[in-house]
Amino acid sequence: MFNYYLRLAWKSLWATPVVTLLMLIAIALGIGSAMGTLTIYHLMSADPIPEKSAQLFAVQLKSYDNKQSSWGMNDGYPLQITHQDAVNLSHSSVAVKQTPMVRTGFAVQTDNPDIAPILKSVRAANSDFFAMFNAPFAYGSAWDKNSDQQALEVTVIGAKLNQQLFGGGNNVGKILYFDQKAFRIVGILQAWQPTPQYYDVNNGAFRTGEQIFIPFALIASNKYRSWGNNNSYKNEEVNTFDEKLVSESHWIQYWVELKNPQQKNAYQAYLKNYISQQKQLGRFERDDASADLKNVTTWLTYNEVVSEDNNVLVGLSFLLLVVCLVNTVGLLLAKFLRRAPEVGVRRALGASQTQVFLQHLVEVSLLGLTGGLLGILLAQLGLWLLKNNYEQYQLLTDMDITMLLTAPVLAIGSSIIAGLYPAWKICRTQPAVYLKSQ
Amino acid sequence: MLKMQQINKIYRTELVETHALREFNLSVNEGEFVTVTGPSGSGKTTFLNIAGLLEEISQGQYFLDGVNVVGLNDKERSRLRNEKIGFIFQSFNLIPDLNLFENVDVPLRYRGFNAKERKRRIEQALEQVGLAARMKHLPAQLSGGQQQRVAIARALAGEPKFLLADEPTGNLDSLMARQVMELLKNINKQGTTIVMVTHDAALARCGQRNIQIVDGQVCDFSLYDKNPQASAFENPQTAASTTTTAASIA
Ligand SMILES: Nc1ncnc2c1ncn2[C@@H]1O[C@H](COP(=O)(O)OP(=O)(O)O)[C@@H](O)[C@H]1O
Ligand SMILES: [Mg+2]
């Protein structure tokens with residue numbers, strides 16, 4: 001019977017092409033806008049590391065002086081910390097794992113003279129980085145603690161760069177040249193792209209991440225400059241790189257892993273202690289000088305990775321979907337009721353109410369499925385345009401499997417809801433009324 | 001075959017109550033060809049629709065082929081209608097988007113026959129009404145008489161025991177009307193019980209028995225059995241006289 005209903009639905013949709021087209025456009029527009037904004041929302045608000053998001057903390061220090069009433073974010077904490085604080089904190093062993101980090105970059109070359117040097121952004125971090133953020137290795141491993149301390153020229157590269165430079169494969173032990181300095185590859189990651197890229201949102205939470213990682217200590221020894229934000233509250237002379245290293249300029253991100261509340265308390269006590277030590281050295285002048293720890297989810301909200309605008313946009317697009325569906329209900333109702341005489345004949349020839357209802361529901365579903373698919377294409381087109389025009393949305397463009405499965409469910413679901421009333425209405429009509437009108 | 005006892009049918013609208021059938025009694029035997037006449041608005045169509053299970057009755061008993069149909073649910077009534085009853089309407093009521101083959105196919109689909117059986121029956125039914133060659137035509141491409149023959153084929157394809165026809169020749173010229181009547185007579189000869197509403201006295205004589213409905217009641221049985229020359233309209237019980245009473249507005 002389903003096939004029969006499907007054939008009737010097909011015929012019926014083609015019998016009134018203009019109405020069908022209008023309904024398809026309405027459904028596609030509604031679904032398209034809802035799916036597009038929902039995809040962005042879904043990816044933006046996803047927990048990038050659900051298994052650990054409550055154990056990873058960004059460290060913030062209210063280190064600025066009394067000249068400012070407040071500086072940094074709304075809560076008075078700057079997003080980043082100074083290089084000297086980063087170095088000092090990393091000497092402690094209170095946190096289970098920790099890493100200072102900063103985005104930098106340089107020209108990359110291989111032994112192969114055919115490959116021209118390419119300019120790449122680079123993340124400088126400690127060896128803990130990979131274990132903290134669950135970066136999966138395809139070959140080799142992170143560098144050792146010794147490399148952190150000695151500022152050895154070793155590197156871990158991403159799968160994409162490995163593919164680009166070597167065509168893939170295990171290239172651990174090979175040499176890469178970073179601004180003409182030789183670095184030994186110790187590890188190669190599997191494809192890895194946390195979305196949003198939570199550990200450094202000030203460089204854009206939805207940019208593709210760095211493909212090169214080097215020990216943080218190299219920042220100082222090789223004088224690598226930050227490719228991210230540098231903020232300073234202080235009017236101080238910073239002419240040389242060495243001056244910058246000891247300046248009050250904030251340009252380093254700092255993350256710690258604290259597995260339980262006890263560890264968190266211990267680390268907070270340690271930071272408090274650190275601040276009073278620094279006060280004795282004449283830094284952290286303010287009475288309310290303090291430290292704050294924010295876990296991954298708090299960090300993302302705090303940085304407004306999902307902006308209020310976005311929530312409004314999702315709301316609006318669903319409103320648009322409702323408007324489109326209400327229109328579709330109207331068109332369907334008109335279309336179905338015009339077919340009442342035919343339904344009367346079918347009832348006279350033995351169709352039950354249920355059969356009439358199902359026939360129309362199949363028609364509505366077919367319409368919904370087609371409109372929904374068009375809507376998904378529309379959403380993809382929108383996302384594609386976004387990707388190609390806005391660098392900061394590069395990671396948002398691909399619908400993940402959840403969204404790809406949600407889309408048809410939403411499409412068929414909402415059109416069935418739209419079609420339920422018209423289908424019910426038509427199946428309830430008294431057949432005799434239409435047969436009598438003669 | 002068909003037995004109605006003390007049937008009342010009342011239509012209630014906001015302002016009026018129409019007593020379309022009152023204390024209606026009728027029996028039709030298997031194999032009969034009964035014609036129904038009566039003034040306009042007297043309840044003929046209502047009777048046919050009730051007989052065909054398209055409408056529920058307000059009061060009374062109705063046995064169709066031995067089955068008490070009062071209290072059956074929609075699914076059971078539809079099943080019964082599909083298996084036992086064929087409908088023919090004054091305005092043919094073919095589905096305009098479907099070709100002849102597909103139109104005749106409709107009741108067979110609801111019966112649940114497989115494709116082969118449906119094809120066999122459709123071809124046979126269209127053969128019987130002389131339109132087998134035009135299976136792929138749309139209803140609009142046919143004359144009125146041809147359309148009504150398709151409607152008859154559609155009613156016959158399910159091999160119903162019982163054919164209900166509401167003024168089947170009302171929209172046809174006399175030549176075509178004769179052809180359709182010949183067809184119905186043949187069908188009756190092959191064993192199908194037929195009840196046909198008509199206002200044409202000549203056509204009413206084609207049946208074995210004529211009944212007259214006046215004011216929602218059966219007025220005269222076996223008129224032509226006793227007096228084949230008489231016509232229902234020679235001594236008409238004039239004036240369509242459905243009683244409408246003002247319903248109290250609650
Ligand atoms: N669905 C309905 N609602 C209200 N009144 C109806 C309805 N159908 C028929 N009637 C009334 O019932 C009476 C009988 O109608 P009908 O059976 O169509 O008569 P006939 O076919 O003999 O001309 C008429 O008065 C008609 O107005
Ligand atoms: Mg009538």
# chains A, B, ... in the order shown; residues from 1 in each chain; ligands from 1
call {"tool": "residues_near_ligand", "arguments": {"ligand": "ligand 1", "cutoff": "10 Å", "atoms": "only C-alpha atoms and all ligand atoms", "output": "count of residues only"}}
result
51
call {"tool": "interface_residues", "arguments": {"of": "chain B", "to": "chain A", "cutoff": "9 Å", "atoms": "only C-alpha atoms", "output": "PyMOL selection string"}}
result
chain B and resi 45-46+49+52-55+74-83+85-87+89-91+93-98+106-112+154-155
call {"tool": "write_last_selection", "arguments": {"atoms": "N, CA, C and O atoms", "output": "compact mmCIF listing (two decimals), in the first residue's frame"}}
result
# COMPACT_ATOMS: atom_id res chain seq x y z
N THR B 45 -31.25 9.56 -2.22
CA THR B 45 -29.81 9.49 -2.11
C THR B 45 -29.38 9.11 -0.69
O THR B 45 -28.46 8.32 -0.49
N THR B 46 -30.11 9.64 0.26
CA THR B 46 -29.82 9.29 1.65
C THR B 46 -29.95 7.79 1.85
O THR B 46 -29.10 7.15 2.47
N ASN B 49 -26.97 6.07 0.27
CA ASN B 49 -25.74 6.25 1.03
C ASN B 49 -25.73 5.41 2.30
O ASN B 49 -24.70 4.89 2.70
N GLY B 52 -25.15 1.93 1.27
CA GLY B 52 -23.75 1.74 0.90
C GLY B 52 -22.79 2.01 2.03
O GLY B 52 -21.58 2.08 1.82
N LEU B 53 -23.30 2.18 3.24
CA LEU B 53 -22.47 2.37 4.43
C LEU B 53 -21.65 3.65 4.39
O LEU B 53 -20.61 3.76 5.02
N LEU B 54 -22.11 4.61 3.58
CA LEU B 54 -21.41 5.89 3.56
C LEU B 54 -21.91 6.80 4.67
O LEU B 54 -21.27 7.78 5.01
N GLU B 55 -23.08 6.48 5.17
CA GLU B 55 -23.61 7.29 6.26
C GLU B 55 -24.16 6.38 7.34
O GLU B 55 -24.61 5.27 7.08
N ASP B 74 -15.32 2.25 11.52
CA ASP B 74 -15.05 2.73 10.16
C ASP B 74 -14.29 1.71 9.34
O ASP B 74 -14.57 1.50 8.16
N LYS B 75 -13.33 1.05 9.97
CA LYS B 75 -12.51 0.09 9.23
C LYS B 75 -13.37 -1.08 8.74
O LYS B 75 -13.27 -1.51 7.59
N GLU B 76 -14.23 -1.57 9.63
CA GLU B 76 -15.08 -2.71 9.27
C GLU B 76 -16.09 -2.31 8.19
O GLU B 76 -16.34 -3.08 7.24
N ARG B 77 -16.65 -1.13 8.34
CA ARG B 77 -17.61 -0.65 7.33
C ARG B 77 -16.93 -0.48 5.97
O ARG B 77 -17.49 -0.85 4.93
N SER B 78 -15.71 0.06 6.00
CA SER B 78 -14.99 0.27 4.74
C SER B 78 -14.68 -1.05 4.06
O SER B 78 -14.78 -1.19 2.84
N ARG B 79 -14.31 -2.02 4.88
CA ARG B 79 -13.99 -3.35 4.37
C ARG B 79 -15.23 -3.96 3.69
O ARG B 79 -15.17 -4.48 2.58
N LEU B 80 -16.33 -3.86 4.40
CA LEU B 80 -17.60 -4.41 3.91
C LEU B 80 -18.00 -3.71 2.61
O LEU B 80 -18.41 -4.34 1.63
N ARG B 81 -17.87 -2.40 2.61
CA ARG B 81 -18.22 -1.60 1.44
C ARG B 81 -17.36 -2.01 0.25
O ARG B 81 -17.82 -2.20 -0.86
N ASN B 82 -16.09 -2.18 0.53
CA ASN B 82 -15.15 -2.54 -0.52
C ASN B 82 -15.45 -3.91 -1.11
O ASN B 82 -15.38 -4.12 -2.32
N GLU B 83 -15.84 -4.86 -0.25
CA GLU B 83 -16.02 -6.23 -0.72
C GLU B 83 -17.39 -6.47 -1.34
O GLU B 83 -17.53 -7.22 -2.29
N ILE B 85 -19.98 -3.98 -2.07
CA ILE B 85 -20.77 -2.94 -2.72
C ILE B 85 -20.02 -2.26 -3.85
O ILE B 85 -18.84 -1.94 -3.73
N GLY B 86 -20.73 -2.05 -4.96
CA GLY B 86 -20.19 -1.22 -6.03
C GLY B 86 -21.07 0.01 -6.17
O GLY B 86 -22.29 -0.07 -6.08
N PHE B 87 -20.43 1.18 -6.35
CA PHE B 87 -21.18 2.43 -6.47
C PHE B 87 -21.13 2.97 -7.89
O PHE B 87 -20.07 2.97 -8.53
N PHE B 89 -22.36 6.64 -9.78
CA PHE B 89 -22.93 7.95 -9.47
C PHE B 89 -23.43 8.64 -10.73
O PHE B 89 -22.99 8.36 -11.84
N GLN B 90 -24.29 9.60 -10.49
CA GLN B 90 -24.82 10.36 -11.62
C GLN B 90 -23.69 11.08 -12.37
O GLN B 90 -23.65 11.10 -13.59
N SER B 91 -22.78 11.67 -11.62
CA SER B 91 -21.71 12.44 -12.29
C SER B 91 -20.43 11.62 -12.43
O SER B 91 -19.34 12.18 -12.41
N ASN B 93 -17.95 10.50 -11.34
CA ASN B 93 -16.96 10.54 -10.26
C ASN B 93 -15.73 9.70 -10.53
O ASN B 93 -15.22 9.01 -9.65
N LEU B 94 -15.24 9.77 -11.76
CA LEU B 94 -13.93 9.18 -12.02
C LEU B 94 -12.89 10.15 -11.47
O LEU B 94 -13.13 11.35 -11.40
N ILE B 95 -11.73 9.63 -11.08
CA ILE B 95 -10.67 10.51 -10.58
C ILE B 95 -9.91 11.05 -11.79
O ILE B 95 -9.33 10.27 -12.57
N PRO B 96 -9.97 12.37 -11.99
CA PRO B 96 -9.51 12.95 -13.26
C PRO B 96 -8.02 12.75 -13.55
O PRO B 96 -7.63 12.64 -14.71
N ASP B 97 -7.19 12.67 -12.50
CA ASP B 97 -5.74 12.52 -12.72
C ASP B 97 -5.34 11.10 -13.10
O ASP B 97 -4.22 10.86 -13.52
N LEU B 98 -6.24 10.16 -12.87
CA LEU B 98 -5.89 8.76 -13.11
C LEU B 98 -6.47 8.29 -14.43
O LEU B 98 -7.60 8.65 -14.78
N VAL B 106 -8.63 1.43 -8.30
CA VAL B 106 -8.80 1.98 -6.95
C VAL B 106 -9.41 1.00 -5.93
O VAL B 106 -8.79 0.71 -4.90
N PRO B 107 -10.60 0.45 -6.20
CA PRO B 107 -11.17 -0.44 -5.17
C PRO B 107 -10.33 -1.70 -4.97
O PRO B 107 -10.32 -2.27 -3.87
N LEU B 108 -9.64 -2.12 -6.04
CA LEU B 108 -8.84 -3.35 -5.93
C LEU B 108 -7.63 -3.14 -5.03
O LEU B 108 -7.19 -4.04 -4.32
N ARG B 109 -7.09 -1.92 -5.07
CA ARG B 109 -5.98 -1.58 -4.18
C ARG B 109 -6.40 -1.73 -2.73
O ARG B 109 -5.69 -2.31 -1.92
N TYR B 110 -7.59 -1.17 -2.43
CA TYR B 110 -8.03 -1.23 -1.04
C TYR B 110 -8.39 -2.65 -0.63
O TYR B 110 -8.39 -2.98 0.54
N ARG B 111 -8.69 -3.48 -1.62
CA ARG B 111 -8.99 -4.88 -1.30
C ARG B 111 -7.72 -5.62 -0.97
O ARG B 111 -7.73 -6.59 -0.22
N GLY B 112 -6.59 -5.16 -1.54
CA GLY B 112 -5.31 -5.80 -1.23
C GLY B 112 -4.94 -6.94 -2.18
O GLY B 112 -4.14 -7.80 -1.83
N ARG B 154 -15.44 0.00 -12.88
CA ARG B 154 -14.78 0.18 -11.58
C ARG B 154 -15.62 -0.45 -10.46
O ARG B 154 -15.08 -1.10 -9.56
N ALA B 155 -16.95 -0.27 -10.58
CA ALA B 155 -17.82 -0.85 -9.56
C ALA B 155 -17.83 -2.37 -9.64
O ALA B 155 -17.99 -3.05 -8.63
call {"tool": "select_by_dssp", "arguments": {"residues": "stretch 186-274 of chain A", "states": "helix (DSSP H, G or I)", "output": "PyMOL selection string"}}
result
chain A and resi 198-203+217-222+241-245+261-274
call {"tool": "residues_around", "arguments": {"residues": "stretch 58-68 of chain B", "least_positions_apart": "3", "cutoff": "7 Å", "atoms": "only C-alpha atoms", "output": "ChimeraX atom specification"}}
result
/B:1-10
call {"tool": "closest_residue", "arguments": {"among": "B:Ser174, B:Leu156, B:Asp105, B:Met196", "to": "ligand 2", "atoms": "only C-alpha atoms and all ligand atoms"}}
result
B:Met196
call {"tool": "select_by_dssp", "arguments": {"residues": "stretch 146-226 of chain B", "states": "strand (DSSP E or B)", "output": "list in words"}}
result
Phe162, Leu163, Leu164, Ala165, Asp166, Thr193, Ile194, Val195, Met196, Val197, Arg209, Asn210, Ile211, Gln212, Ile213, Val214, Gln217, Val218, Cys219 and Asp220 of chain B
call {"tool": "write_last_selection", "arguments": {"atoms": "C-alpha atoms", "output": "PDB file, in the first residue's frame"}}
result
ATOM      1  CA  PHE B 162     -24.526  -5.442  -4.652  1.00  0.00           C
ATOM      2  CA  LEU B 163     -24.553  -2.520  -7.065  1.00  0.00           C
ATOM      3  CA  LEU B 164     -25.905   0.851  -5.945  1.00  0.00           C
ATOM      4  CA  ALA B 165     -26.586   3.377  -8.687  1.00  0.00           C
ATOM      5  CA  ASP B 166     -27.735   6.954  -8.060  1.00  0.00           C
ATOM      6  CA  THR B 193     -28.180  -7.398  -7.056  1.00  0.00           C
ATOM      7  CA  ILE B 194     -28.868  -3.857  -8.238  1.00  0.00           C
ATOM      8  CA  VAL B 195     -30.598  -0.920  -6.596  1.00  0.00           C
ATOM      9  CA  MET B 196     -30.946   2.022  -8.916  1.00  0.00           C
ATOM     10  CA  VAL B 197     -32.343   5.469  -8.175  1.00  0.00           C
ATOM     11  CA  ARG B 209     -39.486  -4.073  -8.908  1.00  0.00           C
ATOM     12  CA  ASN B 210     -39.976  -0.373  -8.375  1.00  0.00           C
ATOM     13  CA  ILE B 211     -40.283   1.293  -5.041  1.00  0.00           C
ATOM     14  CA  GLN B 212     -41.255   4.839  -4.425  1.00  0.00           C
ATOM     15  CA  ILE B 213     -39.864   6.972  -1.657  1.00  0.00           C
ATOM     16  CA  VAL B 214     -41.942   9.889  -0.569  1.00  0.00           C
ATOM     17  CA  GLN B 217     -40.734   6.588   3.575  1.00  0.00           C
ATOM     18  CA  VAL B 218     -41.278   3.708   1.205  1.00  0.00           C
ATOM     19  CA  CYS B 219     -44.603   4.398  -0.345  1.00  0.00           C
ATOM     20  CA  ASP B 220     -45.521   1.662  -2.718  1.00  0.00           C
TER      21      ASP B 220
END
call {"tool": "residues_around", "arguments": {"residues": "stretch 142-147 of chain B", "least_positions_apart": "2", "cutoff": "8 Å", "atoms": "only C-alpha atoms", "output": "short mmCIF file (atom, residue, chain, number, x, y, z; two decimals) with N, CA, C and O atoms, in the first residue's frame"}}
result
data_model
loop_
_atom_site.label_atom_id
_atom_site.label_comp_id
_atom_site.auth_asym_id
_atom_site.auth_seq_id
_atom_site.Cartn_x
_atom_site.Cartn_y
_atom_site.Cartn_z
N PHE B 92 -20.59 10.31 -12.56
CA PHE B 92 -19.50 9.37 -12.87
C PHE B 92 -18.45 9.30 -11.76
O PHE B 92 -18.06 8.23 -11.35
N LEU B 94 -15.24 9.77 -11.76
CA LEU B 94 -13.93 9.18 -12.02
C LEU B 94 -12.89 10.15 -11.47
O LEU B 94 -13.13 11.35 -11.40
N LEU B 131 -14.32 -1.08 -23.20
CA LEU B 131 -13.35 0.00 -23.25
C LEU B 131 -11.92 -0.48 -23.00
O LEU B 131 -11.04 0.30 -22.65
N HIS B 137 -6.20 5.95 -21.43
CA HIS B 137 -6.79 7.27 -21.61
C HIS B 137 -7.20 7.88 -20.27
O HIS B 137 -7.51 7.17 -19.32
N LEU B 138 -7.22 9.20 -20.25
CA LEU B 138 -7.73 9.89 -19.06
C LEU B 138 -9.24 10.07 -19.21
O LEU B 138 -9.75 10.13 -20.33
N PRO B 139 -9.97 10.15 -18.10
CA PRO B 139 -11.43 10.28 -18.17
C PRO B 139 -11.88 11.44 -19.08
O PRO B 139 -12.85 11.30 -19.82
N ALA B 140 -11.14 12.54 -19.05
CA ALA B 140 -11.55 13.71 -19.82
C ALA B 140 -11.54 13.45 -21.33
O ALA B 140 -12.16 14.18 -22.09
N ARG B 149 -19.50 4.11 -18.30
CA ARG B 149 -19.18 2.68 -18.45
C ARG B 149 -17.90 2.34 -17.68
O ARG B 149 -17.78 1.26 -17.10
N VAL B 150 -16.95 3.28 -17.65
CA VAL B 150 -15.74 3.05 -16.85
C VAL B 150 -16.12 2.96 -15.37
O VAL B 150 -15.63 2.09 -14.63
N ALA B 151 -17.00 3.88 -14.95
CA ALA B 151 -17.44 3.86 -13.55
C ALA B 151 -18.09 2.52 -13.22
O ALA B 151 -17.89 1.97 -12.13
N ASN B 171 -27.04 12.17 -16.37
CA ASN B 171 -26.21 13.10 -17.13
C ASN B 171 -25.97 12.64 -18.57
O ASN B 171 -25.09 13.14 -19.24
N LEU B 172 -26.75 11.64 -19.02
CA LEU B 172 -26.48 11.07 -20.35
C LEU B 172 -27.65 11.32 -21.29
O LEU B 172 -28.81 11.40 -20.86
N MET B 176 -27.14 6.99 -25.04
CA MET B 176 -26.13 6.51 -24.10
C MET B 176 -26.78 5.89 -22.89
O MET B 176 -26.32 4.89 -22.35
N ALA B 177 -27.88 6.51 -22.44
CA ALA B 177 -28.60 6.00 -21.29
C ALA B 177 -29.06 4.56 -21.55
O ALA B 177 -28.92 3.69 -20.71
N VAL B 180 -26.16 2.16 -21.24
CA VAL B 180 -25.82 1.91 -19.84
C VAL B 180 -26.84 0.99 -19.20
O VAL B 180 -26.50 0.07 -18.46
#
call {"tool": "atom_distance", "arguments": {"atom1": "atom CA of A:Ser63", "atom2": "atom CA of A:Ala289"}}
result
6.2 Å
call {"tool": "closest_residue", "arguments": {"among": "B:Asn188, B:Ile88, B:Glu123, B:Asp200", "to": "B:Lys161", "atoms": "only C-alpha atoms"}}
result
B:Asn188
call {"tool": "closest_residue", "arguments": {"among": "B:Leu203, B:Glu182, B:Gln148, B:Pro168", "to": "ligand 2", "atoms": "only C-alpha atoms and all ligand atoms"}}
result
B:Pro168
call {"tool": "residues_around", "arguments": {"residues": "stretch 148-150 of chain A", "least_positions_apart": "2", "cutoff": "9 Å", "atoms": "only C-alpha atoms", "output": "MDAnalysis selection string"}}
result
chainID A and resid 125:127 143:146 152 215:218
call {"tool": "atom_distance", "arguments": {"atom1": "atom CA of A:Leu165", "atom2": "atom CA of A:Asn112"}}
result
9.0 Å
call {"tool": "atom_distance", "arguments": {"atom1": "atom CA of A:Glu257", "atom2": "atom CA of A:Lys97"}}
result
5.1 Å
call {"tool": "residues_around", "arguments": {"residues": "A:Gly228", "least_positions_apart": "5", "cutoff": "8 Å", "atoms": "only C-alpha atoms", "output": "PDB file with all heavy atoms, in the first residue's frame"}}
result
ATOM      1  N   VAL A 102      52.060  29.813  23.618  1.00  0.00           N
ATOM      2  CA  VAL A 102      51.873  31.006  22.817  1.00  0.00           C
ATOM      3  C   VAL A 102      51.951  30.604  21.352  1.00  0.00           C
ATOM      4  O   VAL A 102      52.605  29.622  20.995  1.00  0.00           O
ATOM      5  CB  VAL A 102      52.938  32.067  23.165  1.00  0.00           C
ATOM      6  CG1 VAL A 102      54.340  31.585  22.820  1.00  0.00           C
ATOM      7  CG2 VAL A 102      52.625  33.395  22.462  1.00  0.00           C
ATOM      8  N   ARG A 103      51.229  31.360  20.544  1.00  0.00           N
ATOM      9  CA  ARG A 103      51.259  31.089  19.115  1.00  0.00           C
ATOM     10  C   ARG A 103      52.365  31.940  18.493  1.00  0.00           C
ATOM     11  O   ARG A 103      52.456  33.134  18.732  1.00  0.00           O
ATOM     12  CB  ARG A 103      49.913  31.448  18.505  1.00  0.00           C
ATOM     13  CG  ARG A 103      49.789  31.236  17.022  1.00  0.00           C
ATOM     14  CD  ARG A 103      48.323  31.454  16.625  1.00  0.00           C
ATOM     15  NE  ARG A 103      48.117  31.314  15.196  1.00  0.00           N
ATOM     16  CZ  ARG A 103      47.831  32.337  14.381  1.00  0.00           C
ATOM     17  NH1 ARG A 103      47.736  33.560  14.869  1.00  0.00           N
ATOM     18  NH2 ARG A 103      47.642  32.124  13.094  1.00  0.00           N
ATOM     19  N   THR A 104      53.236  31.283  17.727  1.00  0.00           N
ATOM     20  CA  THR A 104      54.277  32.020  17.020  1.00  0.00           C
ATOM     21  C   THR A 104      54.304  31.492  15.586  1.00  0.00           C
ATOM     22  O   THR A 104      53.307  30.923  15.132  1.00  0.00           O
ATOM     23  CB  THR A 104      55.637  31.867  17.742  1.00  0.00           C
ATOM     24  OG1 THR A 104      56.649  32.519  16.991  1.00  0.00           O
ATOM     25  CG2 THR A 104      55.998  30.416  17.950  1.00  0.00           C
ATOM     26  N   ASN A 202      41.939  33.499  21.930  1.00  0.00           N
ATOM     27  CA  ASN A 202      42.181  34.873  21.494  1.00  0.00           C
ATOM     28  C   ASN A 202      42.737  34.937  20.081  1.00  0.00           C
ATOM     29  O   ASN A 202      42.814  35.990  19.473  1.00  0.00           O
ATOM     30  CB  ASN A 202      42.979  35.695  22.521  1.00  0.00           C
ATOM     31  CG  ASN A 202      44.429  35.274  22.617  1.00  0.00           C
ATOM     32  OD1 ASN A 202      45.108  35.119  21.605  1.00  0.00           O
ATOM     33  ND2 ASN A 202      44.907  35.082  23.841  1.00  0.00           N
ATOM     34  N   ASN A 203      43.083  33.782  19.527  1.00  0.00           N
ATOM     35  CA  ASN A 203      43.447  33.766  18.117  1.00  0.00           C
ATOM     36  C   ASN A 203      42.300  33.249  17.243  1.00  0.00           C
ATOM     37  O   ASN A 203      42.508  32.856  16.107  1.00  0.00           O
ATOM     38  CB  ASN A 203      44.704  32.922  17.905  1.00  0.00           C
ATOM     39  CG  ASN A 203      45.954  33.690  18.283  1.00  0.00           C
ATOM     40  OD1 ASN A 203      46.177  34.791  17.795  1.00  0.00           O
ATOM     41  ND2 ASN A 203      46.739  33.141  19.192  1.00  0.00           N
ATOM     42  N   TRP A 251      51.101  38.077  27.233  1.00  0.00           N
ATOM     43  CA  TRP A 251      51.045  37.443  25.905  1.00  0.00           C
ATOM     44  C   TRP A 251      51.151  35.923  25.938  1.00  0.00           C
ATOM     45  O   TRP A 251      51.224  35.257  24.928  1.00  0.00           O
ATOM     46  CB  TRP A 251      52.108  38.035  24.981  1.00  0.00           C
ATOM     47  CG  TRP A 251      53.541  38.008  25.511  1.00  0.00           C
ATOM     48  CD1 TRP A 251      54.025  38.715  26.562  1.00  0.00           C
ATOM     49  CD2 TRP A 251      54.642  37.267  24.979  1.00  0.00           C
ATOM     50  NE1 TRP A 251      55.353  38.474  26.747  1.00  0.00           N
ATOM     51  CE2 TRP A 251      55.770  37.592  25.776  1.00  0.00           C
ATOM     52  CE3 TRP A 251      54.804  36.387  23.911  1.00  0.00           C
ATOM     53  CZ2 TRP A 251      57.039  37.040  25.536  1.00  0.00           C
ATOM     54  CZ3 TRP A 251      56.061  35.844  23.672  1.00  0.00           C
ATOM     55  CH2 TRP A 251      57.167  36.166  24.475  1.00  0.00           C
TER      56      TRP A 251
END
